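The data block below is entry08.pdb; it holds PDB, C-alpha atoms, pLDDT in the B column.
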ATOM      1  CA  ALA A   1      -2.594  12.151   5.841  1.00 74.00           C
ATOM      2  CA  GLN A   2      -4.800   9.465   7.274  1.00 80.00           C
ATOM      3  CA  SER A   3      -3.528   6.666   9.514  1.00 87.00           C
ATOM      4  CA  VAL A   4      -4.858   3.782  11.560  1.00 92.00           C
ATOM      5  CA  THR A   5      -3.699   2.356  14.875  1.00 94.00           C
ATOM      6  CA  GLN A   6      -4.823  -1.070  16.018  1.00 96.00           C
ATOM      7  CA  LEU A   7      -4.219  -1.709  19.706  1.00 91.00           C
ATOM      8  CA  GLY A   8      -3.036  -5.240  20.408  1.00 91.00           C
ATOM      9  CA  SER A   9      -1.339  -7.347  17.770  1.00 93.00           C
ATOM     10  CA  HIS A  10      -2.832 -10.495  19.297  1.00 96.00           C
ATOM     11  CA  VAL A  11      -6.113 -11.013  21.136  1.00 97.00           C
ATOM     12  CA  SER A  12      -7.189 -14.342  22.637  1.00 97.00           C
ATOM     13  CA  VAL A  13     -10.726 -15.041  23.880  1.00 97.00           C
ATOM     14  CA  SER A  14     -12.656 -18.118  24.917  1.00 97.00           C
ATOM     15  CA  GLU A  15     -15.324 -19.555  22.661  1.00 97.00           C
ATOM     16  CA  GLY A  16     -18.613 -17.832  23.485  1.00 97.00           C
ATOM     17  CA  ALA A  17     -16.925 -14.759  24.980  1.00 98.00           C
ATOM     18  CA  LEU A  18     -17.152 -11.176  23.755  1.00 98.00           C
ATOM     19  CA  VAL A  19     -14.745 -10.168  20.997  1.00 98.00           C
ATOM     20  CA  LEU A  20     -13.420  -6.589  21.090  1.00 98.00           C
ATOM     21  CA  LEU A  21     -10.784  -5.444  18.592  1.00 98.00           C
ATOM     22  CA  ARG A  22      -9.687  -1.836  18.908  1.00 98.00           C
ATOM     23  CA  CYS A  23      -9.053   0.652  16.116  1.00 97.00           C
ATOM     24  CA  ASN A  24      -8.288   4.356  16.277  1.00 96.00           C
ATOM     25  CA  TYR A  25      -7.859   6.516  13.222  1.00 94.00           C
ATOM     26  CA  SER A  26      -6.405   9.844  12.269  1.00 90.00           C
ATOM     27  CA  SER A  27      -7.920  11.848   9.458  1.00 82.00           C
ATOM     28  CA  SER A  28      -8.102  15.533   8.631  1.00 77.00           C
ATOM     29  CA  VAL A  29     -11.470  15.134   6.903  1.00 79.00           C
ATOM     30  CA  PRO A  30     -14.472  12.870   7.520  1.00 80.00           C
ATOM     31  CA  PRO A  31     -13.239   9.320   7.044  1.00 86.00           C
ATOM     32  CA  TYR A  32     -14.558   6.180   5.500  1.00 89.00           C
ATOM     33  CA  LEU A  33     -13.749   3.258   7.795  1.00 91.00           C
ATOM     34  CA  PHE A  34     -13.511  -0.454   7.100  1.00 93.00           C
ATOM     35  CA  TRP A  35     -12.816  -3.754   8.804  1.00 96.00           C
ATOM     36  CA  TYR A  36     -11.359  -6.583   6.738  1.00 95.00           C
ATOM     37  CA  VAL A  37     -10.642 -10.187   7.763  1.00 96.00           C
ATOM     38  CA  GLN A  38      -7.875 -12.432   6.485  1.00 93.00           C
ATOM     39  CA  TYR A  39      -7.995 -16.200   6.876  1.00 91.00           C
ATOM     40  CA  PRO A  40      -4.729 -18.152   6.566  1.00 85.00           C
ATOM     41  CA  ASN A  41      -3.146 -18.115   3.113  1.00 81.00           C
ATOM     42  CA  GLN A  42      -5.928 -15.986   1.649  1.00 83.00           C
ATOM     43  CA  GLY A  43      -6.500 -12.412   0.613  1.00 84.00           C
ATOM     44  CA  LEU A  44      -8.632 -10.036   2.668  1.00 89.00           C
ATOM     45  CA  GLN A  45     -12.439  -9.933   2.741  1.00 91.00           C
ATOM     46  CA  LEU A  46     -14.613  -7.005   3.761  1.00 91.00           C
ATOM     47  CA  LEU A  47     -16.428  -7.456   7.093  1.00 95.00           C
ATOM     48  CA  LEU A  48     -18.139  -4.083   7.304  1.00 93.00           C
ATOM     49  CA  LYS A  49     -17.750  -0.416   6.453  1.00 91.00           C
ATOM     50  CA  TYR A  50     -18.809   2.998   7.647  1.00 91.00           C
ATOM     51  CA  THR A  51     -19.340   5.775   5.130  1.00 86.00           C
ATOM     52  CA  THR A  52     -22.128   8.069   6.313  1.00 83.00           C
ATOM     53  CA  GLY A  53     -25.310   7.810   8.330  1.00 84.00           C
ATOM     54  CA  ALA A  54     -25.825   5.387  11.217  1.00 86.00           C
ATOM     55  CA  THR A  55     -22.733   5.154  13.372  1.00 89.00           C
ATOM     56  CA  LEU A  56     -23.384   1.534  14.404  1.00 95.00           C
ATOM     57  CA  VAL A  57     -22.570  -0.667  11.450  1.00 95.00           C
ATOM     58  CA  LYS A  58     -23.435  -4.345  11.193  1.00 95.00           C
ATOM     59  CA  GLY A  59     -21.373  -6.698   9.086  1.00 93.00           C
ATOM     60  CA  ILE A  60     -21.130 -10.333   8.173  1.00 92.00           C
ATOM     61  CA  ASN A  61     -20.721 -13.233  10.616  1.00 92.00           C
ATOM     62  CA  GLY A  62     -22.305 -11.308  13.515  1.00 96.00           C
ATOM     63  CA  PHE A  63     -19.670  -8.575  13.722  1.00 97.00           C
ATOM     64  CA  GLU A  64     -20.466  -4.922  14.248  1.00 97.00           C
ATOM     65  CA  ALA A  65     -18.526  -1.701  14.757  1.00 97.00           C
ATOM     66  CA  GLU A  66     -19.380   1.740  16.065  1.00 95.00           C
ATOM     67  CA  PHE A  67     -17.970   4.968  14.648  1.00 94.00           C
ATOM     68  CA  LYS A  68     -17.232   7.393  17.485  1.00 94.00           C
ATOM     69  CA  LYS A  69     -16.043  10.701  16.096  1.00 91.00           C
ATOM     70  CA  SER A  70     -15.271  12.196  19.513  1.00 91.00           C
ATOM     71  CA  GLU A  71     -12.941   9.282  20.297  1.00 93.00           C
ATOM     72  CA  THR A  72     -11.700   8.825  16.693  1.00 94.00           C
ATOM     73  CA  SER A  73     -12.433   5.141  17.147  1.00 95.00           C
ATOM     74  CA  PHE A  74     -14.024   2.327  15.170  1.00 97.00           C
ATOM     75  CA  HIS A  75     -13.825  -0.740  17.417  1.00 98.00           C
ATOM     76  CA  LEU A  76     -15.008  -4.133  16.158  1.00 98.00           C
ATOM     77  CA  THR A  77     -17.162  -6.334  18.383  1.00 98.00           C
ATOM     78  CA  LYS A  78     -18.969  -9.654  18.360  1.00 98.00           C
ATOM     79  CA  PRO A  79     -21.086 -10.781  21.323  1.00 97.00           C
ATOM     80  CA  SER A  80     -20.104 -14.456  21.207  1.00 97.00           C
ATOM     81  CA  ALA A  81     -16.893 -15.771  19.649  1.00 97.00           C
ATOM     82  CA  HIS A  82     -16.880 -18.870  17.495  1.00 96.00           C
ATOM     83  CA  MET A  83     -13.897 -21.049  16.641  1.00 96.00           C
ATOM     84  CA  SER A  84     -14.296 -20.062  12.985  1.00 95.00           C
ATOM     85  CA  ASP A  85     -13.621 -16.408  13.898  1.00 96.00           C
ATOM     86  CA  ALA A  86      -9.923 -17.156  14.359  1.00 96.00           C
ATOM     87  CA  ALA A  87      -8.193 -14.972  11.748  1.00 96.00           C
ATOM     88  CA  GLU A  88      -6.351 -11.691  11.337  1.00 96.00           C
ATOM     89  CA  TYR A  89      -8.420  -8.531  11.336  1.00 97.00           C
ATOM     90  CA  PHE A  90      -7.459  -5.247   9.722  1.00 96.00           C
ATOM     91  CA  CYS A  91      -8.948  -1.820  10.257  1.00 96.00           C
ATOM     92  CA  ALA A  92      -8.632   0.569   7.315  1.00 92.00           C
ATOM     93  CA  VAL A  93      -9.405   4.202   6.542  1.00 90.00           C
ATOM     94  CA  SER A  94      -9.815   6.329   3.469  1.00 84.00           C
ATOM     95  CA  GLU A  95     -10.559  10.011   3.346  1.00 74.00           C
ATOM     96  CA  THR A  96     -13.632  11.382   1.635  1.00 67.00           C
ATOM     97  CA  SER A  97     -11.389  13.784  -0.241  1.00 65.00           C
ATOM     98  CA  SER A  98      -9.165  10.966  -1.522  1.00 65.00           C
ATOM     99  CA  ALA A  99     -11.307   7.873  -1.395  1.00 66.00           C
ATOM    100  CA  SER A 100      -8.997   5.974  -3.729  1.00 73.00           C
ATOM    101  CA  LYS A 101      -6.250   5.614  -1.157  1.00 81.00           C
ATOM    102  CA  ILE A 102      -7.111   3.026   1.510  1.00 86.00           C
ATOM    103  CA  ILE A 103      -4.682   2.796   4.404  1.00 88.00           C
ATOM    104  CA  PHE A 104      -4.609  -0.306   6.593  1.00 91.00           C
ATOM    105  CA  GLY A 105      -3.631  -0.793  10.202  1.00 93.00           C
ATOM    106  CA  SER A 106      -1.050  -3.328  11.326  1.00 93.00           C
ATOM    107  CA  GLY A 107      -3.634  -6.001  12.054  1.00 95.00           C
ATOM    108  CA  THR A 108      -4.827  -7.955  15.098  1.00 96.00           C
ATOM    109  CA  ARG A 109      -4.619 -11.723  15.213  1.00 96.00           C
ATOM    110  CA  LEU A 110      -7.660 -13.193  16.971  1.00 97.00           C
ATOM    111  CA  SER A 111      -7.302 -16.609  18.620  1.00 97.00           C
ATOM    112  CA  ILE A 112     -10.239 -18.525  20.074  1.00 97.00           C
ATOM    113  CA  ARG A 113      -9.725 -20.861  23.048  1.00 96.00           C
ATOM    114  CA  PRO A 114     -12.031 -23.917  23.246  1.00 94.00           C
TER
ATOM    115  CA  ASN B   1     -15.721 -15.805 -12.565  1.00 63.00           C
ATOM    116  CA  ALA B   2     -12.039 -15.852 -11.525  1.00 76.00           C
ATOM    117  CA  GLY B   3     -11.984 -12.508  -9.650  1.00 93.00           C
ATOM    118  CA  VAL B   4      -8.460 -11.210  -9.010  1.00 95.00           C
ATOM    119  CA  THR B   5      -5.684 -13.506 -10.211  1.00 96.00           C
ATOM    120  CA  GLN B   6      -2.081 -13.066  -9.135  1.00 96.00           C
ATOM    121  CA  THR B   7       0.892 -14.890 -10.614  1.00 96.00           C
ATOM    122  CA  PRO B   8       3.228 -16.346  -9.587  1.00 97.00           C
ATOM    123  CA  LYS B   9       2.222 -17.619  -6.124  1.00 95.00           C
ATOM    124  CA  PHE B  10       5.833 -17.934  -4.993  1.00 96.00           C
ATOM    125  CA  GLN B  11       9.063 -16.408  -6.288  1.00 96.00           C
ATOM    126  CA  VAL B  12      12.691 -16.397  -5.159  1.00 97.00           C
ATOM    127  CA  LEU B  13      15.001 -13.728  -6.581  1.00 96.00           C
ATOM    128  CA  LYS B  14      18.616 -12.832  -6.091  1.00 97.00           C
ATOM    129  CA  THR B  15      19.541  -9.279  -5.166  1.00 97.00           C
ATOM    130  CA  GLY B  16      19.641  -7.106  -8.269  1.00 97.00           C
ATOM    131  CA  GLN B  17      17.370  -9.261 -10.396  1.00 97.00           C
ATOM    132  CA  SER B  18      14.232  -7.835 -11.934  1.00 96.00           C
ATOM    133  CA  MET B  19      10.813  -9.336 -12.237  1.00 96.00           C
ATOM    134  CA  THR B  20       7.152  -8.509 -12.796  1.00 97.00           C
ATOM    135  CA  LEU B  21       4.317  -9.604 -10.537  1.00 98.00           C
ATOM    136  CA  GLN B  22       1.179 -10.080 -12.571  1.00 98.00           C
ATOM    137  CA  CYS B  23      -2.328  -9.094 -11.537  1.00 98.00           C
ATOM    138  CA  ALA B  24      -5.449  -9.540 -13.639  1.00 97.00           C
ATOM    139  CA  GLN B  25      -9.131  -9.074 -12.850  1.00 97.00           C
ATOM    140  CA  ASP B  26     -12.146 -10.070 -14.905  1.00 95.00           C
ATOM    141  CA  MET B  27     -14.756  -7.960 -13.095  1.00 93.00           C
ATOM    142  CA  ASN B  28     -14.313  -4.805 -15.189  1.00 93.00           C
ATOM    143  CA  HIS B  29     -13.103  -2.936 -12.095  1.00 93.00           C
ATOM    144  CA  GLU B  30     -11.753   0.565 -12.668  1.00 92.00           C
ATOM    145  CA  TYR B  31      -9.707   0.668  -9.474  1.00 92.00           C
ATOM    146  CA  MET B  32      -6.682  -1.557  -8.861  1.00 94.00           C
ATOM    147  CA  SER B  33      -3.948  -1.425  -6.257  1.00 95.00           C
ATOM    148  CA  TRP B  34      -0.878  -3.190  -4.912  1.00 97.00           C
ATOM    149  CA  TYR B  35      -0.092  -3.774  -1.235  1.00 96.00           C
ATOM    150  CA  ARG B  36       2.755  -5.464   0.546  1.00 96.00           C
ATOM    151  CA  GLN B  37       2.179  -7.309   3.809  1.00 94.00           C
ATOM    152  CA  ASP B  38       4.953  -7.611   6.367  1.00 92.00           C
ATOM    153  CA  PRO B  39       4.730  -9.037   9.911  1.00 86.00           C
ATOM    154  CA  GLY B  40       3.694  -6.415  12.424  1.00 83.00           C
ATOM    155  CA  MET B  41       3.207  -3.764   9.739  1.00 86.00           C
ATOM    156  CA  GLY B  42      -0.074  -4.787   8.176  1.00 88.00           C
ATOM    157  CA  LEU B  43      -0.699  -3.902   4.556  1.00 91.00           C
ATOM    158  CA  ARG B  44       1.065  -0.934   3.046  1.00 93.00           C
ATOM    159  CA  LEU B  45      -0.107   0.630  -0.203  1.00 92.00           C
ATOM    160  CA  ILE B  46       2.546   0.620  -2.942  1.00 96.00           C
ATOM    161  CA  HIS B  47       0.764   2.001  -6.022  1.00 95.00           C
ATOM    162  CA  TYR B  48      -2.795   2.331  -7.195  1.00 93.00           C
ATOM    163  CA  SER B  49      -4.714   3.081 -10.382  1.00 94.00           C
ATOM    164  CA  VAL B  50      -8.154   4.612 -10.863  1.00 91.00           C
ATOM    165  CA  GLY B  51      -8.404   3.582 -14.505  1.00 92.00           C
ATOM    166  CA  ALA B  52      -6.467   2.613 -17.606  1.00 94.00           C
ATOM    167  CA  GLY B  53      -3.587   4.993 -18.209  1.00 95.00           C
ATOM    168  CA  ILE B  54      -3.722   6.466 -14.685  1.00 94.00           C
ATOM    169  CA  THR B  55      -1.465   5.446 -11.799  1.00 96.00           C
ATOM    170  CA  ASP B  56      -0.427   7.063  -8.525  1.00 93.00           C
ATOM    171  CA  GLN B  57       1.907   6.398  -5.623  1.00 93.00           C
ATOM    172  CA  GLY B  58       0.884   4.958  -2.303  1.00 91.00           C
ATOM    173  CA  GLU B  59       2.732   4.850   1.007  1.00 89.00           C
ATOM    174  CA  VAL B  60       5.804   2.865  -0.082  1.00 95.00           C
ATOM    175  CA  PRO B  61       6.364   3.299  -3.848  1.00 96.00           C
ATOM    176  CA  ASN B  62      10.173   3.334  -3.947  1.00 96.00           C
ATOM    177  CA  GLY B  63      11.701   0.408  -5.844  1.00 96.00           C
ATOM    178  CA  TYR B  64       8.466  -0.432  -7.655  1.00 97.00           C
ATOM    179  CA  ASN B  65       6.989   0.596 -10.988  1.00 97.00           C
ATOM    180  CA  VAL B  66       3.492   0.079 -12.333  1.00 98.00           C
ATOM    181  CA  SER B  67       1.567   0.698 -15.521  1.00 96.00           C
ATOM    182  CA  ARG B  68      -2.076   0.284 -16.474  1.00 97.00           C
ATOM    183  CA  SER B  69      -2.455  -0.151 -20.212  1.00 97.00           C
ATOM    184  CA  THR B  70      -5.726  -2.098 -19.942  1.00 97.00           C
ATOM    185  CA  THR B  71      -8.590  -2.195 -17.439  1.00 96.00           C
ATOM    186  CA  GLU B  72      -7.886  -5.857 -16.685  1.00 97.00           C
ATOM    187  CA  ASP B  73      -4.157  -5.862 -15.922  1.00 98.00           C
ATOM    188  CA  PHE B  74      -2.006  -4.051 -13.366  1.00 98.00           C
ATOM    189  CA  PRO B  75       1.536  -5.473 -13.265  1.00 98.00           C
ATOM    190  CA  LEU B  76       4.032  -4.537 -10.549  1.00 98.00           C
ATOM    191  CA  ARG B  77       7.677  -4.340 -11.601  1.00 98.00           C
ATOM    192  CA  LEU B  78      10.723  -4.683  -9.392  1.00 96.00           C
ATOM    193  CA  LEU B  79      13.622  -3.273 -11.403  1.00 91.00           C
ATOM    194  CA  SER B  80      16.447  -4.296  -9.055  1.00 96.00           C
ATOM    195  CA  ALA B  81      15.287  -6.513  -6.214  1.00 96.00           C
ATOM    196  CA  ALA B  82      16.582  -5.935  -2.690  1.00 97.00           C
ATOM    197  CA  PRO B  83      16.247  -8.126   0.436  1.00 97.00           C
ATOM    198  CA  SER B  84      14.013  -5.411   1.942  1.00 96.00           C
ATOM    199  CA  GLN B  85      11.454  -6.272  -0.733  1.00 97.00           C
ATOM    200  CA  THR B  86      10.960  -9.758   0.695  1.00 97.00           C
ATOM    201  CA  SER B  87       7.243  -9.741   1.477  1.00 97.00           C
ATOM    202  CA  VAL B  88       3.816 -11.004   0.513  1.00 95.00           C
ATOM    203  CA  TYR B  89       2.284  -8.887  -2.229  1.00 97.00           C
ATOM    204  CA  PHE B  90      -1.450  -8.475  -2.684  1.00 95.00           C
ATOM    205  CA  CYS B  91      -3.297  -7.030  -5.630  1.00 96.00           C
ATOM    206  CA  ALA B  92      -6.790  -5.651  -5.013  1.00 94.00           C
ATOM    207  CA  SER B  93      -9.506  -4.145  -7.192  1.00 93.00           C
ATOM    208  CA  SER B  94     -12.883  -2.495  -6.792  1.00 91.00           C
ATOM    209  CA  ILE B  95     -15.723  -1.293  -9.006  1.00 86.00           C
ATOM    210  CA  THR B  96     -15.164   2.428  -8.757  1.00 77.00           C
ATOM    211  CA  PRO B  97     -12.310   4.747  -7.834  1.00 66.00           C
ATOM    212  CA  SER B  98     -14.418   6.038  -4.960  1.00 64.00           C
ATOM    213  CA  SER B  99     -13.672   2.999  -2.877  1.00 61.00           C
ATOM    214  CA  TYR B 100     -16.382   3.601  -0.316  1.00 62.00           C
ATOM    215  CA  ASN B 101     -18.890   2.430  -2.909  1.00 68.00           C
ATOM    216  CA  SER B 102     -17.543  -1.068  -3.134  1.00 78.00           C
ATOM    217  CA  PRO B 103     -15.222  -3.368  -1.250  1.00 84.00           C
ATOM    218  CA  LEU B 104     -11.743  -4.235  -2.337  1.00 89.00           C
ATOM    219  CA  HIS B 105     -11.471  -7.685  -3.906  1.00 92.00           C
ATOM    220  CA  PHE B 106      -8.115  -9.234  -3.090  1.00 92.00           C
ATOM    221  CA  GLY B 107      -6.042 -11.809  -4.902  1.00 93.00           C
ATOM    222  CA  ASN B 108      -4.454 -14.659  -2.958  1.00 91.00           C
ATOM    223  CA  GLY B 109      -1.041 -13.034  -2.881  1.00 93.00           C
ATOM    224  CA  THR B 110       2.486 -13.573  -4.200  1.00 96.00           C
ATOM    225  CA  ARG B 111       5.145 -14.586  -1.670  1.00 96.00           C
ATOM    226  CA  LEU B 112       8.453 -13.063  -2.754  1.00 97.00           C
ATOM    227  CA  THR B 113      11.832 -13.849  -1.227  1.00 97.00           C
ATOM    228  CA  VAL B 114      14.930 -11.876  -2.200  1.00 97.00           C
ATOM    229  CA  THR B 115      18.255 -13.412  -1.175  1.00 96.00           C
TER
END

As structure tokens - that is how I would like this structure written.
Amino acid sequence: AQSVTQLGSHVSVSEGALVLLRCNYSSSVPPYLFWYVQYPNQGLQLLLKYTTGATLVKGINGFEAEFKKSETSFHLTKPSAHMSDAAEYFCAVSETSSASKIIFGSGTRLSIRP
Amino acid sequence: NAGVTQTPKFQVLKTGQSMTLQCAQDMNHEYMSWYRQDPGMGLRLIHYSVGAGITDQGEVPNGYNVSRSTTEDFPLRLLSAAPSQTSVYFCASSITPSSYNSPLHFGNGTRLTVT
């Protein structure tokens, strides 16, 4: 069965600094990988996804993630943090053989210092 | 276009009571699912459905029932509420059962407290 591990339940960076949120996955077959963002008192919104093809995926709001099969990782990055990026971020995985079941990680809360 | 609508927004139950959390979508999505969100545990899949008349279990199905009689609605039933079911519940839908084709659209959640 697939699973996701997000390292660090809380990450704090200064405005303008690099954002790096870590995600490692476990899957017995090629995975589909996702990053979702949750703003306070809202549901989740898709940031970006990897299915096939290019391993560097660009998403909304300047975020990108790179699929590294050898490291079973899908870390989320943004070169320069903005105050509006403060939110909770979830990595998720589904397996190509069972694409209907999407499993989420435990989430990372991102805080931005002025 | 309302998207995914969850009702109620808040609910307090006593142990042993039953209730149904409602979820409706107006996007003609085939796929619908229920998650619960607990601090430090992220979102855990309870049940999902790939179309009317079809449901399946997720990671934490015990204590919950679902049915999918129409494409639009996917209610979640708690038959005998327990304090361990205190959580925020999210309903989500997408265009196709093969979720990689389309993102999940989430409702705004139902905050349930069981005393």

Name every residue that the PyMOL selection byres ((chain A) within 6 of (chain B)) selects in this structure, writing the answer as a list in words with chains first and numbers rising.
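Applied to this file, the PyMOL selection byres ((chain A) within 6 of (chain B)) returns Gln42, Gly43, Leu44, Ala99, Ser100, Phe104, Gly105, Ser106 and Gly107 of chain A.
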
Identify, on the basis of only C-alpha atoms, every residue whose closest approach to His10 in chain A does not exceed 10 Å; exclude the query and any residue fewer than 2 positions from it along the same chain; express the result as a list of chain:residue names.
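Contacts, in chain order: A:Leu7, A:Gly8, A:Ser12, A:Leu21, A:Glu88, A:Tyr89, A:Gly107, A:Thr108, A:Arg109, A:Leu110, A:Ser111.
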
Long-range neighbours of Ala81 in chain A as a ChimeraX atom specification, 6 Å cut-off, all atoms listed in the file, 3 positions minimum in chain:
/A:15-17

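With CA of Phe90 in chain A on one side and CA of Ser93 in chain B on the other, the separation reads 17.1 Å.
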
Distance criterion (only C-alpha atoms): nearest to Gln45 in chain A out of A:Asn24, A:Pro114, A:Ser73, A:Cys91
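Once distances to Gln45 in chain A are computed over only C-alpha atoms, the minimum belongs to A:Cys91.
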
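A straight line drawn from CA of Phe63 in chain A to CA of Ile102 in chain A is 21.0 Å long.
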
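Here CA of Lys9 in chain B stands at a distance of 13.9 Å from CA of Leu76 in chain B.
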
Tell me which of A:Lys68, A:Arg113, A:Arg22, A:Lys101 sits closest to Ser3 in chain A, counting only C-alpha atoms.
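Of A:Lys68, A:Arg113, A:Arg22, A:Lys101, the one nearest Ser3 in chain A, counting only C-alpha atoms, is A:Lys101.
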
Using only C-alpha atoms, which of the listed residues (A:Asn41, A:Ile60, A:Cys23, A:Tyr50) sits closest to Val88 in chain B?
A:Asn41

What would the selection look like, as a list in words, if the PyMOL selection byres ((chain A and resi 35) around 7) were run on the coordinates I just shared?
Phe34, Tyr36, Val37, Leu46, Leu47, Leu48, Lys49, Tyr89, Phe90, Cys91 and Ala92 of chain A

Just-selected residues, C-alpha atoms written as a CSV table (one decimal), in the coordinates of the input:
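As written to disk, out.csv reads:
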chain,number,residue,atom,x,y,z
A,34,PHE,CA,-13.5,-0.5,7.1
A,36,TYR,CA,-11.4,-6.6,6.7
A,37,VAL,CA,-10.6,-10.2,7.8
A,46,LEU,CA,-14.6,-7.0,3.8
A,47,LEU,CA,-16.4,-7.5,7.1
A,48,LEU,CA,-18.1,-4.1,7.3
A,49,LYS,CA,-17.8,-0.4,6.5
A,89,TYR,CA,-8.4,-8.5,11.3
A,90,PHE,CA,-7.5,-5.2,9.7
A,91,CYS,CA,-8.9,-1.8,10.3
A,92,ALA,CA,-8.6,0.6,7.3

Please return as a PyMOL selection string every residue within 8 Å of (-17.4, -5.5, 18.2), taking into account only C-alpha atoms and the file's own coordinates.
chain A and resi 18-21+63-66+75-79

Residue subset to file, keeping C-alpha atoms, as a compact mmCIF listing (two decimals), in the coordinates of the input:
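What follows is the written file out07.txt:
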# COMPACT_ATOMS: atom_id res chain seq x y z
CA LEU A 18 -17.15 -11.18 23.76
CA VAL A 19 -14.74 -10.17 21.00
CA LEU A 20 -13.42 -6.59 21.09
CA LEU A 21 -10.78 -5.44 18.59
CA PHE A 63 -19.67 -8.57 13.72
CA GLU A 64 -20.47 -4.92 14.25
CA ALA A 65 -18.53 -1.70 14.76
CA GLU A 66 -19.38 1.74 16.07
CA HIS A 75 -13.82 -0.74 17.42
CA LEU A 76 -15.01 -4.13 16.16
CA THR A 77 -17.16 -6.33 18.38
CA LYS A 78 -18.97 -9.65 18.36
CA PRO A 79 -21.09 -10.78 21.32

Neighbours of point (12.0, -14.7, -4.9) within 12 Å, using only C-alpha atoms, written as a PyMOL selection string:
chain B and resi 8-21+78+81-89+110-115

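Look at Thr51 in chain A: the protein and nucleic acid residues within 10 Å of it, using only C-alpha atoms and passing over chain neighbours fewer than 2 places away, are Pro30, Pro31, Tyr32, Leu33, Phe34, Lys49, Gly53, Ala54, Thr55, Val57, Phe67, Ser94, Glu95 and Thr96 of chain A; Tyr100 and Asn101 of chain B.
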
If the PyMOL selection byres ((chain B and resi 27) around 10) is run on the structure shown, which residues does it catch, given as a VMD selection string?
chain B and resid 1 to 4 24 to 26 28 to 30 71 to 72 93 to 95 105

Could you check which of B:Ser80, B:Arg36, B:Thr5, B:Ala52 is closest to Arg68 in chain B, using all atoms listed in the file?
B:Ala52
